[in-house]
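Visitor: Structure file entry-v4.cif (mmCIF, C-alpha atoms and all ligand atoms) is given on the next line.
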data_final
#
loop_
_atom_site.label_atom_id
_atom_site.label_comp_id
_atom_site.auth_asym_id
_atom_site.auth_seq_id
_atom_site.Cartn_x
_atom_site.Cartn_y
_atom_site.Cartn_z
CA MET G 248 167.57 187.46 158.99
CA THR G 249 169.26 187.11 162.39
CA ALA G 250 168.15 184.36 164.75
CA ALA G 251 167.01 186.97 167.26
CA ARG G 252 164.87 188.64 164.58
CA ALA G 253 163.32 185.32 163.56
CA PHE G 254 162.43 184.56 167.19
CA SER G 255 160.99 188.02 167.68
CA ASP G 256 158.86 187.87 164.49
CA VAL G 257 157.21 184.65 165.60
CA MET G 258 156.64 185.77 169.17
CA ALA G 259 155.34 189.23 168.26
CA SER G 260 152.92 187.78 165.73
CA ARG G 261 151.60 185.12 168.14
CA LEU G 262 151.13 187.70 170.89
CA ALA G 263 149.38 190.10 168.49
CA SER G 264 147.05 187.32 167.43
CA ILE G 265 145.90 186.46 170.98
CA ARG G 266 145.54 190.19 171.71
CA SER G 267 143.30 190.69 168.66
CA GLU G 268 141.14 187.73 169.72
CA GLY G 269 140.70 189.28 173.18
CA ARG G 270 142.37 186.34 174.91
CA TYR G 271 145.67 187.91 175.90
CA ARG G 272 146.26 186.90 179.52
CA VAL G 273 146.10 189.80 181.94
CA PHE G 274 147.10 188.87 185.47
CA THR G 275 145.27 190.39 188.40
CA PRO G 276 147.79 190.74 191.25
CA LEU G 277 146.14 190.12 194.63
CA GLN G 278 147.23 190.19 198.18
CA ARG G 279 145.03 187.73 200.01
CA ARG G 280 144.15 188.94 203.50
CA CYS G 281 144.66 186.19 205.98
CA GLY G 282 141.58 185.86 208.17
CA SER G 283 139.20 187.69 205.84
CA PHE G 284 138.69 185.12 203.06
CA PRO G 285 137.42 185.68 200.34
CA GLN G 286 138.50 189.33 200.54
CA ALA G 287 141.78 190.47 199.00
CA ALA G 288 143.60 193.64 198.03
CA MET G 289 143.92 194.05 194.25
CA PHE G 290 146.76 195.78 192.39
CA ARG G 291 145.99 196.16 188.69
CA ALA G 292 147.26 199.49 187.39
CA ASP G 293 144.52 199.79 184.73
CA ILE G 294 141.62 199.17 187.12
CA ASP G 295 140.56 201.56 189.81
CA ALA G 296 139.60 199.10 192.54
CA HIS G 297 141.41 197.98 195.62
CA ASP G 298 139.32 195.77 197.90
CA VAL G 299 137.84 192.81 196.09
CA THR G 300 135.85 189.67 196.80
CA VAL G 301 137.50 186.71 195.09
CA TRP G 302 135.00 184.38 193.40
CA CYS G 303 137.37 182.15 191.45
CA SER G 304 139.74 180.67 194.02
CA ASN G 305 140.58 176.97 194.12
CA ASP G 306 141.26 177.27 197.85
CA TYR G 307 137.87 175.59 197.94
CA LEU G 308 137.40 175.35 201.70
CA ALA G 309 139.44 178.46 202.64
CA LEU G 310 141.90 176.19 204.45
CA GLY G 311 144.84 178.28 203.19
CA GLN G 312 143.97 180.70 206.01
CA ASP G 313 143.02 178.18 208.69
CA ARG G 314 144.73 178.93 212.00
CA ARG G 315 145.52 175.25 212.71
CA LEU G 316 147.27 174.86 209.38
CA LEU G 317 149.17 178.13 209.81
CA ASP G 318 150.31 177.12 213.32
CA ALA G 319 151.66 173.83 211.95
CA MET G 320 153.53 175.71 209.23
CA HIS G 321 154.99 178.29 211.64
CA ALA G 322 156.20 175.51 213.93
CA SER G 323 157.80 173.62 211.03
CA LEU G 324 159.52 176.73 209.74
CA GLU G 325 161.11 177.32 213.13
CA GLU G 326 162.04 173.66 213.60
CA SER G 327 163.29 172.78 210.12
CA GLY G 328 163.96 176.03 208.28
CA ALA G 329 162.89 177.01 204.78
CA GLY G 330 163.93 174.48 202.16
CA CYS G 331 164.91 170.83 202.42
CA GLY G 332 168.23 171.06 200.59
CA GLY G 333 168.00 168.23 198.13
CA THR G 334 166.10 165.82 195.97
CA ARG G 335 164.20 163.08 197.76
CA ASN G 336 167.07 160.68 197.03
CA ILE G 337 169.90 162.96 198.12
CA SER G 338 169.32 164.45 201.58
CA GLY G 339 165.89 165.95 200.75
CA THR G 340 163.55 163.41 202.36
CA HIS G 341 162.22 164.93 205.57
CA ARG G 342 160.41 162.59 207.94
CA ASP G 343 157.24 164.59 207.28
CA HIS G 344 157.37 163.66 203.57
CA VAL G 345 157.19 160.04 204.63
CA ARG G 346 154.42 160.72 207.12
CA LEU G 347 152.36 162.73 204.62
CA GLU G 348 152.68 159.93 202.06
CA GLU G 349 151.39 157.51 204.69
CA ASP G 350 148.52 159.88 205.56
CA LEU G 351 147.53 160.22 201.88
CA ALA G 352 147.72 156.48 201.22
CA ASP G 353 145.47 155.87 204.23
CA TYR G 354 143.09 158.66 203.14
CA HIS G 355 142.56 157.03 199.74
CA GLY G 356 142.60 153.44 201.04
CA LYS G 357 145.73 152.62 199.01
CA GLU G 358 148.97 150.89 200.00
CA LYS G 359 151.25 153.78 199.17
CA ALA G 360 151.38 157.37 197.95
CA LEU G 361 154.10 159.49 196.38
CA LEU G 362 154.47 163.27 196.56
CA PHE G 363 155.33 165.44 193.55
CA SER G 364 156.16 169.13 193.15
CA SER G 365 152.59 169.83 192.01
CA GLY G 366 149.48 168.09 190.73
CA TYR G 367 150.64 169.00 187.23
CA VAL G 368 154.02 167.32 187.74
CA ALA G 369 152.30 164.30 189.28
CA ASN G 370 150.21 163.72 186.14
CA LEU G 371 153.03 164.54 183.76
CA THR G 372 155.51 162.25 185.49
CA ALA G 373 153.25 159.33 186.34
CA LEU G 374 151.76 159.06 182.84
CA ALA G 375 155.03 159.67 180.99
CA THR G 376 156.76 157.04 183.15
CA LEU G 377 154.10 154.38 182.76
CA GLY G 378 153.87 155.06 179.03
CA ALA G 379 157.63 154.86 178.56
CA HIS G 380 158.11 151.55 180.33
CA ILE G 381 155.01 149.40 179.85
CA GLU G 382 155.69 147.66 176.56
CA GLY G 383 152.74 147.80 174.12
CA LEU G 384 150.64 150.02 176.40
CA ILE G 385 147.51 151.64 174.96
CA VAL G 386 146.16 154.65 176.85
CA TYR G 387 142.49 155.68 176.62
CA SER G 388 142.09 159.35 177.57
CA ASP G 389 138.90 161.42 178.02
CA GLU G 390 138.83 164.26 175.46
CA LYS G 391 138.41 166.87 178.22
CA ASN G 392 141.34 165.70 180.31
CA HIS G 393 143.55 168.41 181.79
CA ASN G 394 146.65 169.68 180.01
CA SER G 395 148.93 167.93 182.54
CA ILE G 396 147.46 164.60 181.40
CA ILE G 397 147.71 165.50 177.72
CA GLU G 398 151.35 166.53 178.11
CA GLY G 399 152.16 163.44 180.19
CA LEU G 400 150.69 161.28 177.43
CA ARG G 401 152.62 163.22 174.81
CA LEU G 402 155.84 162.25 176.61
CA ALA G 403 154.67 158.65 177.00
CA ARG G 404 155.75 156.32 174.23
CA ALA G 405 152.36 154.61 174.21
CA ASP G 406 149.55 154.40 171.68
CA LYS G 407 146.75 156.79 172.54
CA ARG G 408 143.02 156.74 171.97
CA VAL G 409 140.87 159.73 172.91
CA PHE G 410 137.29 158.88 173.90
CA ARG G 411 134.36 161.30 173.79
CA HIS G 412 133.88 163.16 177.04
CA ASN G 413 132.30 160.95 179.72
CA ASP G 414 131.06 158.62 176.95
CA VAL G 415 131.38 155.07 178.26
CA GLN G 416 130.04 153.56 175.03
CA ASP G 417 132.71 155.29 173.00
CA LEU G 418 135.33 154.09 175.47
CA ALA G 419 134.00 150.52 175.24
CA ARG G 420 134.01 150.71 171.43
CA LEU G 421 137.67 151.77 171.40
CA LEU G 422 138.67 149.11 173.92
CA LYS G 423 136.87 146.44 171.93
CA SER G 424 138.61 147.35 168.70
CA ASP G 425 142.09 146.84 170.20
CA ASP G 426 144.03 143.63 170.70
CA ARG G 427 142.82 142.09 173.99
CA ALA G 428 146.34 140.94 174.84
CA ARG G 429 147.86 144.44 174.96
CA PRO G 430 148.11 146.26 178.32
CA LYS G 431 145.60 149.10 178.67
CA LEU G 432 145.18 152.16 180.88
CA ILE G 433 142.10 154.40 181.09
CA VAL G 434 142.85 157.97 182.22
CA PHE G 435 140.07 160.27 183.36
CA GLU G 436 139.04 162.87 185.93
CA SER G 437 136.28 162.71 188.51
CA VAL G 438 135.26 166.41 188.59
CA TYR G 439 136.10 168.24 185.36
CA SER G 440 137.50 171.63 186.23
CA MET G 441 135.88 173.86 183.64
CA ASP G 442 132.35 172.41 183.28
CA GLY G 443 132.18 171.01 186.81
CA ASP G 444 130.61 167.78 185.58
CA ILE G 445 131.36 164.42 187.17
CA ALA G 446 132.49 161.29 185.34
CA PRO G 447 130.34 158.11 185.40
CA LEU G 448 132.90 156.35 187.58
CA LYS G 449 130.96 153.12 188.17
CA ASP G 450 130.34 152.59 184.45
CA ILE G 451 133.96 153.36 183.54
CA VAL G 452 135.20 150.90 186.17
CA LYS G 453 132.81 148.25 184.83
CA VAL G 454 134.04 148.70 181.25
CA ALA G 455 137.65 148.69 182.49
CA GLN G 456 137.08 145.36 184.22
CA GLU G 457 135.39 143.86 181.17
CA HIS G 458 138.44 144.75 179.08
CA ASP G 459 141.07 144.07 181.73
CA ALA G 460 142.23 147.71 181.68
CA MET G 461 143.97 149.59 184.49
CA THR G 462 142.47 152.90 185.66
CA TYR G 463 144.08 156.27 186.51
CA LEU G 464 141.79 158.87 188.07
CA ASP G 465 142.58 162.59 188.53
CA GLU G 466 140.65 163.69 191.64
CA VAL G 467 142.29 167.14 191.84
CA HIS G 468 138.94 169.00 191.99
CA ALA G 469 137.29 166.43 194.24
CA VAL G 470 139.72 165.61 197.05
CA GLY G 471 138.62 167.21 200.28
CA LEU G 472 135.14 167.88 198.93
CA TYR G 473 133.24 164.69 198.09
CA GLY G 474 132.57 161.39 199.82
CA PRO G 475 133.14 160.35 203.43
CA GLN G 476 135.96 162.49 204.92
CA GLY G 477 136.15 164.24 201.55
CA ALA G 478 138.26 161.37 200.21
CA GLY G 479 136.89 161.89 196.70
CA VAL G 480 134.25 160.80 194.22
CA ALA G 481 135.74 157.30 193.87
CA VAL G 482 135.13 156.69 197.58
CA ARG G 483 131.67 158.27 197.39
CA GLU G 484 130.73 155.97 194.49
CA GLY G 485 132.18 152.92 196.25
CA VAL G 486 134.72 152.21 193.51
CA ALA G 487 137.97 153.47 195.04
CA SER G 488 139.33 149.95 195.46
CA SER G 489 138.78 149.34 191.72
CA ILE G 490 140.70 152.44 190.66
CA ASP G 491 144.37 151.52 190.33
CA LEU G 492 145.89 154.98 190.67
CA ILE G 493 144.36 158.08 192.23
CA GLN G 494 146.05 161.41 191.59
CA GLY G 495 145.40 164.53 193.66
CA THR G 496 146.66 167.96 194.63
CA LEU G 497 147.45 169.66 197.92
CA ALA G 498 146.91 173.05 196.29
CA LYS G 499 143.13 173.25 196.10
CA ALA G 500 140.88 171.98 198.93
CA PHE G 501 143.99 171.33 201.07
CA GLY G 502 144.94 175.00 200.72
CA THR G 503 148.71 174.51 200.32
CA PHE G 504 150.83 173.21 197.45
CA GLY G 505 152.09 169.98 195.88
CA GLY G 506 150.65 166.90 194.20
CA TYR G 507 150.53 163.15 194.70
CA VAL G 508 149.62 159.76 193.28
CA ALA G 509 148.27 156.93 195.45
CA GLY G 510 148.09 153.25 194.47
CA ASP G 511 149.49 149.79 195.10
CA GLY G 512 152.94 149.48 196.63
CA GLU G 513 154.66 148.15 193.53
CA THR G 514 153.39 150.86 191.15
CA ILE G 515 154.27 153.64 193.58
CA ASP G 516 157.72 152.14 194.10
CA PHE G 517 158.10 152.00 190.32
CA LEU G 518 157.16 155.70 189.91
CA ARG G 519 159.54 156.57 192.78
CA SER G 520 162.33 154.67 191.07
CA PHE G 521 161.78 155.64 187.41
CA GLY G 522 159.80 158.91 187.37
CA ASN G 523 162.17 161.62 186.13
CA GLY G 524 159.88 164.44 187.31
CA PHE G 525 160.05 162.91 190.78
CA ILE G 526 163.73 161.97 190.91
CA PHE G 527 165.48 164.98 189.42
CA THR G 528 163.99 167.84 191.39
CA THR G 529 164.30 169.25 194.90
CA ALA G 530 161.75 167.90 197.38
CA LEU G 531 158.88 170.08 198.60
CA PRO G 532 159.89 172.23 201.60
CA PRO G 533 159.01 170.79 205.02
CA VAL G 534 156.92 173.87 205.83
CA LEU G 535 154.51 172.98 203.01
CA ILE G 536 154.42 169.36 204.05
CA ALA G 537 153.58 170.35 207.62
CA GLY G 538 150.75 172.53 206.30
CA ALA G 539 149.49 169.76 204.06
CA ARG G 540 149.55 167.22 206.91
CA ALA G 541 147.50 169.58 209.06
CA ALA G 542 145.13 170.19 206.12
CA VAL G 543 144.51 166.48 205.51
CA LYS G 544 143.71 166.04 209.19
CA ILE G 545 141.33 169.04 209.20
CA VAL G 546 139.64 168.00 205.95
CA ARG G 547 138.89 164.46 207.15
CA ASP G 548 136.80 166.00 209.90
CA ALA G 549 135.31 168.94 207.99
CA GLU G 550 131.84 167.70 207.05
CA ASP G 551 130.41 171.03 208.25
CA LEU G 552 132.53 172.93 205.71
CA ARG G 553 131.51 170.58 202.89
CA VAL G 554 127.82 170.97 203.77
CA GLN G 555 128.12 174.76 203.99
CA GLN G 556 129.91 174.89 200.63
CA GLN G 557 127.20 172.81 198.93
CA ASN G 558 124.48 174.99 200.53
CA ASN G 559 126.16 178.09 199.06
CA VAL G 560 126.48 176.42 195.65
CA ARG G 561 122.76 175.58 195.70
CA LEU G 562 121.81 179.11 196.76
CA LEU G 563 123.97 180.71 194.07
CA LYS G 564 122.41 178.50 191.38
CA GLN G 565 118.88 179.33 192.60
CA ARG G 566 119.60 183.06 192.44
CA LEU G 567 121.22 182.84 188.99
CA ARG G 568 118.28 180.85 187.71
CA ALA G 569 115.82 183.38 189.12
CA LYS G 570 117.56 186.18 187.18
CA ALA G 571 117.97 184.13 183.96
CA ILE G 572 121.77 184.33 184.12
CA PRO G 573 122.99 181.35 182.03
CA PHE G 574 125.21 178.85 183.83
CA ILE G 575 126.13 175.19 183.55
CA ASP G 576 124.12 173.37 186.21
CA SER G 577 126.78 170.83 187.05
CA ALA G 578 126.72 168.29 189.86
CA SER G 579 129.71 169.86 191.58
CA HIS G 580 130.80 173.06 193.35
CA ILE G 581 132.02 174.59 190.05
CA VAL G 582 129.50 177.05 188.58
CA PRO G 583 130.50 178.24 185.08
CA VAL G 584 128.59 181.36 183.96
CA ILE G 585 128.66 181.40 180.20
CA ILE G 586 129.42 184.59 178.24
CA GLY G 587 130.35 182.98 174.91
CA GLU G 588 132.84 185.44 173.40
CA ALA G 589 136.40 186.19 174.51
CA SER G 590 136.53 190.00 174.45
CA LEU G 591 133.04 190.30 175.94
CA CYS G 592 134.06 187.89 178.68
CA ARG G 593 137.06 190.10 179.49
CA LYS G 594 134.89 193.26 179.46
CA VAL G 595 132.35 191.76 181.86
CA SER G 596 135.15 190.51 184.12
CA ASP G 597 136.81 193.97 184.13
CA ALA G 598 133.51 195.71 184.86
CA LEU G 599 132.83 193.34 187.77
CA LEU G 600 136.23 194.22 189.16
CA GLU G 601 136.16 197.97 188.55
CA ASP G 602 132.53 198.76 189.33
CA TYR G 603 131.69 196.14 191.95
CA GLY G 604 134.98 194.92 193.45
CA LEU G 605 134.17 191.36 192.37
CA TYR G 606 136.98 189.27 190.94
CA MET G 607 136.31 186.44 188.47
CA GLN G 608 138.98 185.70 185.89
CA PRO G 609 137.69 185.28 182.31
CA ILE G 610 138.27 181.75 181.02
CA ASN G 611 138.97 181.66 177.31
CA TYR G 612 140.23 179.33 174.56
CA PRO G 613 142.24 177.06 174.71
CA THR G 614 141.20 176.34 178.32
CA VAL G 615 137.60 176.08 177.06
CA ALA G 616 136.19 175.78 173.52
CA ARG G 617 135.66 178.98 171.53
CA GLY G 618 132.08 180.16 171.94
CA SER G 619 131.90 178.87 175.50
CA GLU G 620 134.04 181.56 177.15
CA ARG G 621 133.00 181.92 180.76
CA LEU G 622 133.40 183.13 184.29
CA ARG G 623 134.10 180.14 186.52
CA LEU G 624 132.64 180.62 190.00
CA THR G 625 133.72 178.49 192.93
CA PRO G 626 131.67 179.32 196.02
CA SER G 627 133.36 178.33 199.27
CA PRO G 628 131.76 177.81 202.69
CA LEU G 629 132.30 181.56 203.23
CA HIS G 630 130.56 182.78 200.06
CA ASP G 631 127.18 182.82 201.76
CA GLU G 632 123.95 184.75 201.24
CA GLY G 633 125.41 188.30 201.49
CA PRO G 634 128.16 187.86 198.87
CA ILE G 635 125.79 185.85 196.65
CA GLU G 636 123.14 188.63 196.65
CA THR G 637 125.83 191.24 195.81
CA LEU G 638 127.17 189.10 192.98
CA VAL G 639 123.81 188.34 191.40
CA ALA G 640 122.75 192.01 191.58
CA ALA G 641 125.98 192.96 189.75
CA PHE G 642 125.35 190.27 187.11
CA GLU G 643 121.82 191.58 186.58
CA GLU G 644 123.05 195.11 185.90
CA LEU G 645 125.88 193.98 183.65
CA TRP G 646 123.65 191.61 181.69
CA THR G 647 121.55 194.68 180.81
CA ARG G 648 124.57 196.97 180.18
CA PHE G 649 126.25 194.49 177.80
CA HIS G 650 122.96 193.25 176.24
CA LEU G 651 123.83 189.74 177.28
CA HIS G 652 120.26 188.49 177.45
CA GLN G 653 119.99 188.95 173.67
CA SER G 654 123.32 187.37 172.75
C1 LIG X 701 142.25 168.37 186.45
C2 LIG X 701 143.54 168.94 186.93
N1 LIG X 701 144.57 168.12 187.15
C3 LIG X 701 145.77 168.58 187.58
C4 LIG X 701 145.95 169.93 187.84
C5 LIG X 701 147.28 170.41 188.33
O1 LIG X 701 147.26 170.53 189.73
P1 LIG X 701 148.21 171.60 190.44
O2 LIG X 701 147.53 172.92 190.38
O3 LIG X 701 148.41 171.06 191.82
O4 LIG X 701 149.50 171.60 189.66
C6 LIG X 701 144.90 170.83 187.63
C7 LIG X 701 145.08 172.28 187.92
O5 LIG X 701 144.20 173.06 187.99
C8 LIG X 701 143.67 170.32 187.16
O6 LIG X 701 142.64 171.14 186.92
#
With the file now loaded, output its structure as structure tokens.

Guide:
Amino acid sequence: MTAARAFSDVMASRLASIRSEGRYRVFTPLQRRCGSFPQAAMFRADIDAHDVTVWCSNDYLALGQDRRLLDAMHASLEESGAGCGGTRNISGTHRDHVRLEEDLADYHGKEKALLFSSGYVANLTALATLGAHIEGLIVYSDEKNHNSIIEGLRLARADKRVFRHNDVQDLARLLKSDDRARPKLIVFESVYSMDGDIAPLKDIVKVAQEHDAMTYLDEVHAVGLYGPQGAGVAVREGVASSIDLIQGTLAKAFGTFGGYVAGDGETIDFLRSFGNGFIFTTALPPVLIAGARAAVKIVRDAEDLRVQQQNNVRLLKQRLRAKAIPFIDSASHIVPVIIGEASLCRKVSDALLEDYGLYMQPINYPTVARGSERLRLTPSPLHDEGPIETLVAAFEELWTRFHLHQS
């Protein structure tokens, strides 16, 4: 058999298998319409719909279309051009990178922050770098941690222990059974992206202190949304100063793109100096940095948007409950509506798009466990009563059409 044939056999069989399970990924091309969030034009050849309401965006506060942010980006583009022409070490550090890192450090109450190409790269690089250099390190990772954490830990040459999701007793048991003298790091998220639940931060910090473990917290789905100035769940719970490293993204509530880690000066300097995913790649373009700086400034003062978002989340949950549509009643802005089977989930999602102009991407295995396939709704401050009533009416009809109340 030729090498090309061997490659093709494997790939064709893997693709056929995800197709037969109904979890083949079908992209829905959109053109977001600046100024009319959450509306977008939709371009899927197999679906006869054009104007859609997007219900699954991570642009949580609709800042990606905020005039102040766009003005800052336009100005930067004219002043500095498109790219930055190099890695951070070789001609790519723009003064706005430095300023944004200062802004983010201040926002999280940390000494320093470091930008990465994305939140994914931030996790991958920070965890791989710590794991490769801290001799004897043991990492304790929540079982529902994001793929960027799992992959970062795979690259790390550290021993790993996986604790049951949000289970502080299990974490304590694992910590206790290891040699007290070895260095330890607990890695967890504040808001979990698929169930929307929130980690018991205070209890995890307490256990970490009892066992002299460092803490690394992914606040990707919380920054901009929770706590004073939206600085995250760690600030809201009063434990930010006890979390050693806070990781975040600029691509969700900040409406732009990029990731970061904030912490003490020495650790950030270490990641800057040894993190391959930081060193060997071109720096983020100044236009994005200008947008992100504007976004951080807007978000710090956006309590009205946070309140409006939470009001919409509450209203959506009330309406779903009233119509017996099953959802996970999490403590965050993420509202997962459970369908429970991959091909059915895709059918409901397609019908919402085609018949009602409502876009929610089906979420299937391996992103969530089999049997818990879902539509993940993320109401923004602009998904208010009108869009909520339209959505719930569509759910009601589809729940009858697909016999979902019986399943
Ligand atoms: C928990 C978590 N961490 C990290 C990331 C990666 O962030 P980014 O989209 O900025 O790469 C994601 C992405 O959705 C995430 O859900």

Visitor: Return as a PyMOL selection string the residues of protein, DNA or RNA that approach ligand LIG 701 (chain X) to within 7 Å, with all atoms listed in the file taken into account.

Guide: chain G and resi 365-368+370+392-393+395+436+439-440+465+467-468+496-498+504-506

Visitor: So the first atom is atom CA of His355 of chain G and the second is atom CA of Ile445 of chain G; what is the distance between them in Å, to one decimal place?

Guide: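 Distance between the two atoms: 18.4 Å.
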
Visitor: What's the separation between atom CA of Asp389 of chain G and atom CA of Leu472 of chain G, in Å to one decimal place?

Guide: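 About the pair atom CA of Asp389 of chain G and atom CA of Leu472 of chain G: they are 22.2 Å apart.
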
Visitor: G:Phe521, G:Tyr307, G:Trp302, G:Phe290: which is nearest Ala379 of chain G, counting all atoms listed in the file?

Guide: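 Among the listed residues, G:Phe521 lies closest to Ala379 of chain G.
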
Visitor: For segment 529-533 of chain G, work out the shell of residues within 6 Å, counting all atoms listed in the file and skipping chain neighbours fewer than 2 positions away, then give it as a compact mmCIF listing (two decimals) with C-alpha atoms, keeping the file's coordinate frame.

Guide:
# COMPACT_ATOMS: atom_id res chain seq x y z
CA GLY G 330 163.93 174.48 202.16
CA CYS G 331 164.91 170.83 202.42
CA GLY G 333 168.00 168.23 198.13
CA THR G 334 166.10 165.82 195.97
CA ARG G 335 164.20 163.08 197.76
CA GLY G 339 165.89 165.95 200.75
CA LEU G 535 154.51 172.98 203.01
CA ILE G 536 154.42 169.36 204.05

Visitor: I'd like the interatomic distance between atom CA of Cys303 of chain G and atom CA of Pro626 of chain G, to a tenth of an Å.

Guide: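 So the two atoms, atom CA of Cys303 of chain G and atom CA of Pro626 of chain G, lie 7.8 Å apart.
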
Visitor: Nearest to Gly443 of chain G: which of G:Ala292, G:Glu382, G:Lys391, G:Ile265 is it, counting only C-alpha atoms?

Guide: G:Lys391

Visitor: Assuming the input is short of atoms at segment 260-282 of chain G, produce N, CA and C atoms for that part as a PDB file, in the coordinates of the input.

Guide:
ATOM      1  N   SER G 260     154.140 188.066 166.482  1.00  0.00           N
ATOM      2  CA  SER G 260     152.920 187.780 165.730  1.00  0.00           C
ATOM      3  C   SER G 260     151.944 186.903 166.553  1.00  0.00           C
ATOM      4  N   ARG G 261     152.484 185.952 167.293  1.00  0.00           N
ATOM      5  CA  ARG G 261     151.600 185.120 168.140  1.00  0.00           C
ATOM      6  C   ARG G 261     150.931 185.965 169.229  1.00  0.00           C
ATOM      7  N   LEU G 262     151.706 186.861 169.832  1.00  0.00           N
ATOM      8  CA  LEU G 262     151.130 187.700 170.890  1.00  0.00           C
ATOM      9  C   LEU G 262     150.073 188.642 170.317  1.00  0.00           C
ATOM     10  N   ALA G 263     150.358 189.192 169.119  1.00  0.00           N
ATOM     11  CA  ALA G 263     149.380 190.100 168.490  1.00  0.00           C
ATOM     12  C   ALA G 263     148.091 189.335 168.201  1.00  0.00           C
ATOM     13  N   SER G 264     148.252 188.076 167.794  1.00  0.00           N
ATOM     14  CA  SER G 264     147.050 187.320 167.430  1.00  0.00           C
ATOM     15  C   SER G 264     146.173 187.039 168.672  1.00  0.00           C
ATOM     16  N   ILE G 265     146.777 186.684 169.814  1.00  0.00           N
ATOM     17  CA  ILE G 265     145.900 186.460 170.980  1.00  0.00           C
ATOM     18  C   ILE G 265     145.323 187.770 171.506  1.00  0.00           C
ATOM     19  N   ARG G 266     146.087 188.875 171.293  1.00  0.00           N
ATOM     20  CA  ARG G 266     145.540 190.190 171.710  1.00  0.00           C
ATOM     21  C   ARG G 266     144.304 190.515 170.873  1.00  0.00           C
ATOM     22  N   SER G 267     144.416 190.302 169.527  1.00  0.00           N
ATOM     23  CA  SER G 267     143.300 190.690 168.660  1.00  0.00           C
ATOM     24  C   SER G 267     142.071 189.814 168.915  1.00  0.00           C
ATOM     25  N   GLU G 268     142.283 188.603 169.408  1.00  0.00           N
ATOM     26  CA  GLU G 268     141.140 187.730 169.720  1.00  0.00           C
ATOM     27  C   GLU G 268     140.579 188.007 171.111  1.00  0.00           C
ATOM     28  N   GLY G 269     141.197 188.940 171.843  1.00  0.00           N
ATOM     29  CA  GLY G 269     140.700 189.280 173.180  1.00  0.00           C
ATOM     30  C   GLY G 269     141.048 188.227 174.216  1.00  0.00           C
ATOM     31  N   ARG G 270     142.043 187.363 173.915  1.00  0.00           N
ATOM     32  CA  ARG G 270     142.370 186.340 174.910  1.00  0.00           C
ATOM     33  C   ARG G 270     143.818 186.425 175.393  1.00  0.00           C
ATOM     34  N   TYR G 271     144.355 187.646 175.309  1.00  0.00           N
ATOM     35  CA  TYR G 271     145.670 187.910 175.900  1.00  0.00           C
ATOM     36  C   TYR G 271     145.508 187.824 177.423  1.00  0.00           C
ATOM     37  N   ARG G 272     146.436 187.123 178.070  1.00  0.00           N
ATOM     38  CA  ARG G 272     146.260 186.900 179.520  1.00  0.00           C
ATOM     39  C   ARG G 272     146.711 188.106 180.325  1.00  0.00           C
ATOM     40  N   VAL G 273     145.769 188.672 181.057  1.00  0.00           N
ATOM     41  CA  VAL G 273     146.100 189.800 181.940  1.00  0.00           C
ATOM     42  C   VAL G 273     146.020 189.277 183.373  1.00  0.00           C
ATOM     43  N   PHE G 274     147.110 189.337 184.085  1.00  0.00           N
ATOM     44  CA  PHE G 274     147.100 188.870 185.470  1.00  0.00           C
ATOM     45  C   PHE G 274     146.492 189.942 186.371  1.00  0.00           C
ATOM     46  N   THR G 275     145.831 189.492 187.398  1.00  0.00           N
ATOM     47  CA  THR G 275     145.270 190.390 188.400  1.00  0.00           C
ATOM     48  C   THR G 275     146.025 190.142 189.715  1.00  0.00           C
ATOM     49  N   PRO G 276     147.024 190.977 190.021  1.00  0.00           N
ATOM     50  CA  PRO G 276     147.790 190.740 191.250  1.00  0.00           C
ATOM     51  C   PRO G 276     146.923 190.993 192.494  1.00  0.00           C
ATOM     52  N   LEU G 277     146.943 190.031 193.387  1.00  0.00           N
ATOM     53  CA  LEU G 277     146.140 190.120 194.630  1.00  0.00           C
ATOM     54  C   LEU G 277     147.063 190.020 195.824  1.00  0.00           C
ATOM     55  N   GLN G 278     146.605 190.557 196.915  1.00  0.00           N
ATOM     56  CA  GLN G 278     147.230 190.190 198.180  1.00  0.00           C
ATOM     57  C   GLN G 278     146.096 189.651 199.042  1.00  0.00           C
ATOM     58  N   ARG G 279     146.104 188.320 199.204  1.00  0.00           N
ATOM     59  CA  ARG G 279     145.030 187.730 200.010  1.00  0.00           C
ATOM     60  C   ARG G 279     145.209 188.189 201.443  1.00  0.00           C
ATOM     61  N   ARG G 280     144.081 188.437 202.123  1.00  0.00           N
ATOM     62  CA  ARG G 280     144.150 188.940 203.500  1.00  0.00           C
ATOM     63  C   ARG G 280     143.821 187.822 204.444  1.00  0.00           C
ATOM     64  N   CYS G 281     144.850 187.337 205.107  1.00  0.00           N
ATOM     65  CA  CYS G 281     144.660 186.190 205.980  1.00  0.00           C
ATOM     66  C   CYS G 281     143.629 186.506 207.058  1.00  0.00           C
ATOM     67  N   GLY G 282     142.606 185.648 207.153  1.00  0.00           N
ATOM     68  CA  GLY G 282     141.580 185.860 208.170  1.00  0.00           C
ATOM     69  C   GLY G 282     140.346 186.542 207.621  1.00  0.00           C
TER      70      GLY G 282
END
